[in-house]
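Chemist: Please find start.pdb (PDB, C-alpha atoms and all ligand atoms) on the next line:
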```
ATOM      1  CA  MET U   1       0.000   0.000   0.000  1.00  0.00           C
ATOM      2  CA  LYS U   2       1.231   3.458  -0.856  1.00  0.00           C
ATOM      3  CA  SER U   3       2.280   5.478   2.149  1.00  0.00           C
ATOM      4  CA  ASP U   4       0.347   8.665   2.726  1.00  0.00           C
ATOM      5  CA  LYS U   5       2.724   9.971   5.349  1.00  0.00           C
ATOM      6  CA  ILE U   6       3.182  13.705   5.657  1.00  0.00           C
ATOM      7  CA  GLU U   7       6.486  15.221   6.621  1.00  0.00           C
ATOM      8  CA  LYS U   8       6.938  18.920   7.224  1.00  0.00           C
ATOM      9  CA  THR U   9       9.581  21.014   8.896  1.00  0.00           C
ATOM     10  CA  ASN U  10       8.918  22.565  12.290  1.00  0.00           C
ATOM     11  CA  ALA U  11       8.732  25.974  10.612  1.00  0.00           C
ATOM     12  CA  GLU U  12       6.015  24.738   8.268  1.00  0.00           C
ATOM     13  CA  TRP U  13       4.016  23.203  11.121  1.00  0.00           C
ATOM     14  CA  ARG U  14       4.408  26.354  13.170  1.00  0.00           C
ATOM     15  CA  LYS U  15       2.905  28.365  10.353  1.00  0.00           C
ATOM     16  CA  GLN U  16      -0.037  26.006   9.878  1.00  0.00           C
ATOM     17  CA  LEU U  17      -0.974  25.289  13.509  1.00  0.00           C
ATOM     18  CA  THR U  18      -2.096  27.482  16.370  1.00  0.00           C
ATOM     19  CA  PRO U  19       0.486  27.846  19.170  1.00  0.00           C
ATOM     20  CA  GLU U  20      -1.487  25.404  21.371  1.00  0.00           C
ATOM     21  CA  GLN U  21      -1.840  22.859  18.556  1.00  0.00           C
ATOM     22  CA  TYR U  22       1.877  23.157  17.826  1.00  0.00           C
ATOM     23  CA  ARG U  23       2.808  22.704  21.479  1.00  0.00           C
ATOM     24  CA  VAL U  24       0.721  19.514  21.762  1.00  0.00           C
ATOM     25  CA  LEU U  25       1.223  17.939  18.331  1.00  0.00           C
ATOM     26  CA  ARG U  26       4.852  18.768  17.667  1.00  0.00           C
ATOM     27  CA  GLN U  27       6.313  19.222  21.160  1.00  0.00           C
ATOM     28  CA  GLN U  28       4.405  16.448  22.967  1.00  0.00           C
ATOM     29  CA  GLY U  29       2.629  18.961  25.143  1.00  0.00           C
ATOM     30  CA  THR U  30      -0.421  18.209  27.249  1.00  0.00           C
ATOM     31  CA  GLU U  31      -3.345  20.578  27.405  1.00  0.00           C
ATOM     32  CA  ARG U  32      -4.899  21.527  30.717  1.00  0.00           C
ATOM     33  CA  PRO U  33      -7.675  19.099  31.742  1.00  0.00           C
ATOM     34  CA  PHE U  34     -11.216  20.226  30.897  1.00  0.00           C
ATOM     35  CA  ALA U  35      -9.702  22.829  28.520  1.00  0.00           C
ATOM     36  CA  SER U  36     -11.011  21.282  25.327  1.00  0.00           C
ATOM     37  CA  GLU U  37     -14.449  21.810  23.867  1.00  0.00           C
ATOM     38  CA  LEU U  38     -14.210  18.268  22.537  1.00  0.00           C
ATOM     39  CA  ASN U  39     -14.818  16.917  26.039  1.00  0.00           C
ATOM     40  CA  LYS U  40     -18.424  17.950  25.661  1.00  0.00           C
ATOM     41  CA  VAL U  41     -18.993  16.589  22.166  1.00  0.00           C
ATOM     42  CA  HIS U  42     -21.485  13.740  22.215  1.00  0.00           C
ATOM     43  CA  GLU U  43     -22.807  14.019  18.692  1.00  0.00           C
ATOM     44  CA  HIS U  44     -22.109  11.445  16.022  1.00  0.00           C
ATOM     45  CA  GLY U  45     -19.006  12.143  13.983  1.00  0.00           C
ATOM     46  CA  PHE U  46     -15.288  11.758  13.537  1.00  0.00           C
ATOM     47  CA  PHE U  47     -12.368  13.198  15.413  1.00  0.00           C
ATOM     48  CA  LYS U  48      -9.662  14.132  12.948  1.00  0.00           C
ATOM     49  CA  CYS U  49      -6.031  15.074  13.331  1.00  0.00           C
ATOM     50  CA  ALA U  50      -5.784  18.857  13.690  1.00  0.00           C
ATOM     51  CA  ALA U  51      -2.597  18.839  11.636  1.00  0.00           C
ATOM     52  CA  CYS U  52      -3.355  16.561   8.665  1.00  0.00           C
ATOM     53  CA  ALA U  53      -7.119  15.834   8.922  1.00  0.00           C
ATOM     54  CA  LYS U  54      -6.694  12.070   9.137  1.00  0.00           C
ATOM     55  CA  GLU U  55      -9.704  10.411  10.770  1.00  0.00           C
ATOM     56  CA  LEU U  56      -8.520   9.092  14.138  1.00  0.00           C
ATOM     57  CA  PHE U  57     -11.493   8.306  16.354  1.00  0.00           C
ATOM     58  CA  SER U  58     -15.222   7.829  15.988  1.00  0.00           C
ATOM     59  CA  SER U  59     -17.706   9.257  18.456  1.00  0.00           C
ATOM     60  CA  ASP U  60     -18.946   5.656  18.850  1.00  0.00           C
ATOM     61  CA  ALA U  61     -15.839   4.809  20.900  1.00  0.00           C
ATOM     62  CA  LYS U  62     -15.896   7.979  23.014  1.00  0.00           C
ATOM     63  CA  PHE U  63     -16.645   7.706  26.709  1.00  0.00           C
ATOM     64  CA  ASP U  64     -16.595  10.026  29.675  1.00  0.00           C
ATOM     65  CA  SER U  65     -13.481   9.101  31.630  1.00  0.00           C
ATOM     66  CA  GLY U  66     -13.837  11.990  34.066  1.00  0.00           C
ATOM     67  CA  THR U  67     -10.197  12.929  33.457  1.00  0.00           C
ATOM     68  CA  GLY U  68     -10.910  16.132  31.567  1.00  0.00           C
ATOM     69  CA  TRP U  69      -9.419  14.840  28.329  1.00  0.00           C
ATOM     70  CA  PRO U  70     -11.399  13.407  25.414  1.00  0.00           C
ATOM     71  CA  SER U  71     -11.240   9.632  25.895  1.00  0.00           C
ATOM     72  CA  PHE U  72     -11.868   6.719  23.563  1.00  0.00           C
ATOM     73  CA  TYR U  73     -11.679   2.955  23.966  1.00  0.00           C
ATOM     74  CA  GLN U  74     -10.331   2.395  20.459  1.00  0.00           C
ATOM     75  CA  PRO U  75      -9.098   4.294  17.382  1.00  0.00           C
ATOM     76  CA  ILE U  76     -11.176   4.294  14.207  1.00  0.00           C
ATOM     77  CA  SER U  77      -8.827   1.638  12.777  1.00  0.00           C
ATOM     78  CA  ASN U  78      -5.518   0.040  13.644  1.00  0.00           C
ATOM     79  CA  GLU U  79      -3.891   2.075  10.889  1.00  0.00           C
ATOM     80  CA  ALA U  80      -5.116   5.436  12.196  1.00  0.00           C
ATOM     81  CA  VAL U  81      -2.625   5.775  15.018  1.00  0.00           C
ATOM     82  CA  GLU U  82       0.830   4.580  15.987  1.00  0.00           C
ATOM     83  CA  THR U  83       2.076   3.933  19.486  1.00  0.00           C
ATOM     84  CA  LYS U  84       5.501   4.408  20.967  1.00  0.00           C
ATOM     85  CA  VAL U  85       6.981   3.844  24.420  1.00  0.00           C
ATOM     86  CA  ASP U  86       7.399   7.149  26.227  1.00  0.00           C
ATOM     87  CA  LYS U  87       9.781   7.215  29.190  1.00  0.00           C
ATOM     88  CA  SER U  88       9.573  10.913  29.963  1.00  0.00           C
ATOM     89  CA  PHE U  89       8.473  12.186  33.381  1.00  0.00           C
ATOM     90  CA  PHE U  90      10.068   9.208  35.205  1.00  0.00           C
ATOM     91  CA  SER U  91       7.371   6.773  34.146  1.00  0.00           C
ATOM     92  CA  THR U  92       6.738   4.474  31.231  1.00  0.00           C
ATOM     93  CA  ARG U  93       3.679   5.339  29.222  1.00  0.00           C
ATOM     94  CA  THR U  94       2.523   4.548  25.723  1.00  0.00           C
ATOM     95  CA  GLU U  95       2.411   7.569  23.486  1.00  0.00           C
ATOM     96  CA  VAL U  96      -0.217   7.762  20.723  1.00  0.00           C
ATOM     97  CA  LEU U  97       0.688   9.484  17.468  1.00  0.00           C
ATOM     98  CA  CYS U  98      -1.129  10.234  14.245  1.00  0.00           C
ATOM     99  CA  GLU U  99      -0.062   7.611  11.723  1.00  0.00           C
ATOM    100  CA  ARG U 100       0.040  10.074   8.841  1.00  0.00           C
ATOM    101  CA  CYS U 101       1.873  13.108  10.200  1.00  0.00           C
ATOM    102  CA  GLY U 102       3.467  11.728  13.361  1.00  0.00           C
ATOM    103  CA  GLY U 103       1.734  14.349  15.488  1.00  0.00           C
ATOM    104  CA  HIS U 104       1.504  13.668  19.228  1.00  0.00           C
ATOM    105  CA  LEU U 105      -2.103  12.996  20.261  1.00  0.00           C
ATOM    106  CA  GLY U 106      -1.886  11.717  23.824  1.00  0.00           C
ATOM    107  CA  HIS U 107      -1.338   8.425  25.644  1.00  0.00           C
ATOM    108  CA  VAL U 108      -3.099   5.090  25.913  1.00  0.00           C
ATOM    109  CA  PHE U 109      -3.691   3.345  29.258  1.00  0.00           C
ATOM    110  CA  ASP U 110      -5.061  -0.083  30.093  1.00  0.00           C
ATOM    111  CA  ASP U 111      -7.770   1.028  32.523  1.00  0.00           C
ATOM    112  CA  GLY U 112     -10.489   1.706  29.944  1.00  0.00           C
ATOM    113  CA  PRO U 113     -13.961   0.228  29.584  1.00  0.00           C
ATOM    114  CA  GLU U 114     -15.116  -2.808  27.627  1.00  0.00           C
ATOM    115  CA  PRO U 115     -14.818  -4.025  24.923  1.00  0.00           C
ATOM    116  CA  THR U 116     -11.093  -3.190  24.702  1.00  0.00           C
ATOM    117  CA  GLY U 117     -10.163  -2.242  28.263  1.00  0.00           C
ATOM    118  CA  LEU U 118      -8.125   0.599  26.785  1.00  0.00           C
ATOM    119  CA  ARG U 119      -8.325   4.308  27.460  1.00  0.00           C
ATOM    120  CA  TYR U 120      -6.995   6.552  24.717  1.00  0.00           C
ATOM    121  CA  CYS U 121      -6.459   9.787  26.612  1.00  0.00           C
ATOM    122  CA  MET U 122      -6.291  12.425  23.911  1.00  0.00           C
ATOM    123  CA  ASN U 123      -5.569  16.128  23.752  1.00  0.00           C
ATOM    124  CA  GLY U 124      -8.518  17.976  22.272  1.00  0.00           C
ATOM    125  CA  ALA U 125      -6.074  20.497  20.801  1.00  0.00           C
ATOM    126  CA  ALA U 126      -4.657  17.748  18.599  1.00  0.00           C
ATOM    127  CA  MET U 127      -8.015  16.988  17.009  1.00  0.00           C
ATOM    128  CA  LYS U 128     -10.923  18.532  15.161  1.00  0.00           C
ATOM    129  CA  PHE U 129     -14.467  17.205  15.308  1.00  0.00           C
ATOM    130  CA  GLU U 130     -16.446  16.665  12.139  1.00  0.00           C
ATOM    131  CA  LYS U 131     -20.124  16.032  12.658  1.00  0.00           C
ATOM    132  CA  GLN U 132     -21.709  13.261  10.602  1.00  0.00           C
ATOM    133  CA  PRO U 133     -25.396  12.989   9.754  1.00  0.00           C
TER     134      PRO U 133
HETATM  135 ZN    ZN U 201      -1.969  13.871  11.534  1.00  0.00          ZN
END
```
Go ahead and render the structure in this file as structure tokens.

Modeler:
Amino acid sequence: MKSDKIEKTNAEWRKQLTPEQYRVLRQQGTERPFASELNKVHEHGFFKCAACAKELFSSDAKFDSGTGWPSFYQPISNEAVETKVDKSFFSTRTEVLCERCGGHLGHVFDDGPEPTGLRYCMNGAAMKFEKQP
């Protein structure tokens, strides 16, 4: 399959993204809890990468984790995201990145609900919501 990966320089990303999006997506930042409007989205639709518009999560897999970050029990497909071991902040976590542009989205933890038992803890700043009929 042909790769659809997007590679841009930091200067290009900086121009395209808002400062908060850049901080999260390109510098592995974490937004303040309850900061994102996407926490409150309960309509049907897709959550897309704020940098490259790849579809990452469906509202079907969204749940209220109470953490203040948009949370999902699975990505829209196995190809939508990549994971990587993150050993920053003196702990080992699993980082979640956009498969297409490599943007940092958040982390995945194993204390989520059924059916997967996973909790994809995402930064709302890294995503855009597109409502579906
Ligand atoms: Zn992306």

Chemist: Show which residues sit within 9 Å of Gln21 of chain U, as a PyMOL selection string. Count only C-alpha atoms, and ignore same-chain residues fewer than 2 positions away.

Modeler: chain U and resi 14+17-19+23-26+29+50-51+125-127

Chemist: How many Å lie between atom CA of Glu37 of chain U and atom CA of Ser91 of chain U, rounded to one decimal?

Modeler: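 We find that atom CA of Glu37 of chain U and atom CA of Ser91 of chain U lie 28.4 Å from each other.
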
Chemist: If you count all atoms listed in the file, which residues end up within 6 Å of ligand ZN 201 (chain U), as a PyMOL selection string?

Modeler: chain U and resi 49+51-52+54+98+100-101+103

Chemist: Please, what distance in Å, to one decimal, runs between atom CA of Val108 of chain U and atom CA of Trp69 of chain U?

Modeler: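 A separation of 11.9 Å between them.
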
Chemist: In terms of the shortest atom-to-atom distance over all atoms listed in the file, which of U:Tyr22, U:His107, U:Thr92, U:Glu43 is closest to Asn10 of chain U?

Modeler: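 Smallest distance to Asn10 of chain U is found for U:Tyr22.
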
Chemist: Assuming the chain letters and numbering stay as they are in my file, what does the PyMOL selection byres (((chain U and resi 131) around 9) and not hetatm) actually select? List them as a VMD selection string.

Modeler: chain U and resid 43 to 47 129 to 130 132 to 133

Chemist: Step by step, work through what the PyMOL selection byres (((chain U and resi 58) around 9) and not hetatm) selects in the shown file, and finish by giving those residues as a CSV table (one decimal) with C-alpha atoms, keeping the file's coordinate frame.

Modeler:
```csv
chain,number,residue,atom,x,y,z
U,44,HIS,CA,-22.1,11.4,16.0
U,45,GLY,CA,-19.0,12.1,14.0
U,46,PHE,CA,-15.3,11.8,13.5
U,47,PHE,CA,-12.4,13.2,15.4
U,48,LYS,CA,-9.7,14.1,12.9
U,55,GLU,CA,-9.7,10.4,10.8
U,56,LEU,CA,-8.5,9.1,14.1
U,57,PHE,CA,-11.5,8.3,16.4
U,59,SER,CA,-17.7,9.3,18.5
U,60,ASP,CA,-18.9,5.7,18.8
U,61,ALA,CA,-15.8,4.8,20.9
U,62,LYS,CA,-15.9,8.0,23.0
U,72,PHE,CA,-11.9,6.7,23.6
U,74,GLN,CA,-10.3,2.4,20.5
U,75,PRO,CA,-9.1,4.3,17.4
U,76,ILE,CA,-11.2,4.3,14.2
```

Chemist: Using only C-alpha atoms, pick whichever of U:Lys128, U:Pro70, U:Leu97, U:Glu79 has the shortest atom-to-atom distance to Arg32 of chain U.

Modeler: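 For Arg32 of chain U, the nearest of the given residues is U:Pro70.
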
Chemist: In Å, how far is it from atom CA of Asp110 of chain U to atom CA of Leu38 of chain U?

Modeler: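 Atom CA of Leu38 of chain U lies at a distance of 21.9 Å from atom CA of Asp110 of chain U.
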
Chemist: Measuring atom to atom with all atoms listed in the file, identify which of U:Lys87, U:Pro113, U:Asn78, U:Gly124 is nearest to Lys40 of chain U.

Modeler: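 Among U:Lys87, U:Pro113, U:Asn78, U:Gly124, it is U:Gly124 that comes nearest to Lys40 of chain U.
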
Chemist: Determine the residue membership of the PyMOL selection byres (((chain U and resi 96) around 10) and not hetatm) for the file above and supply it as a ChimeraX atom specification.

Modeler: /U:81-86,93-95,97-99,102-108,120-122

Chemist: Which one of U:Glu31, U:Asp4, U:Glu114, U:Glu12 sits closest to Thr67 of chain U if you count all atoms listed in the file?

Modeler: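 Distance minimum relative to Thr67 of chain U lands on U:Glu31.
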
Chemist: In terms of the shortest atom-to-atom distance over only C-alpha atoms, which of U:Gln16, U:Gln27, U:Ser3, U:Asn39 is closest to Ser71 of chain U?

Modeler: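 Of U:Gln16, U:Gln27, U:Ser3, U:Asn39, the one nearest Ser71 of chain U is U:Asn39, counting only C-alpha atoms.
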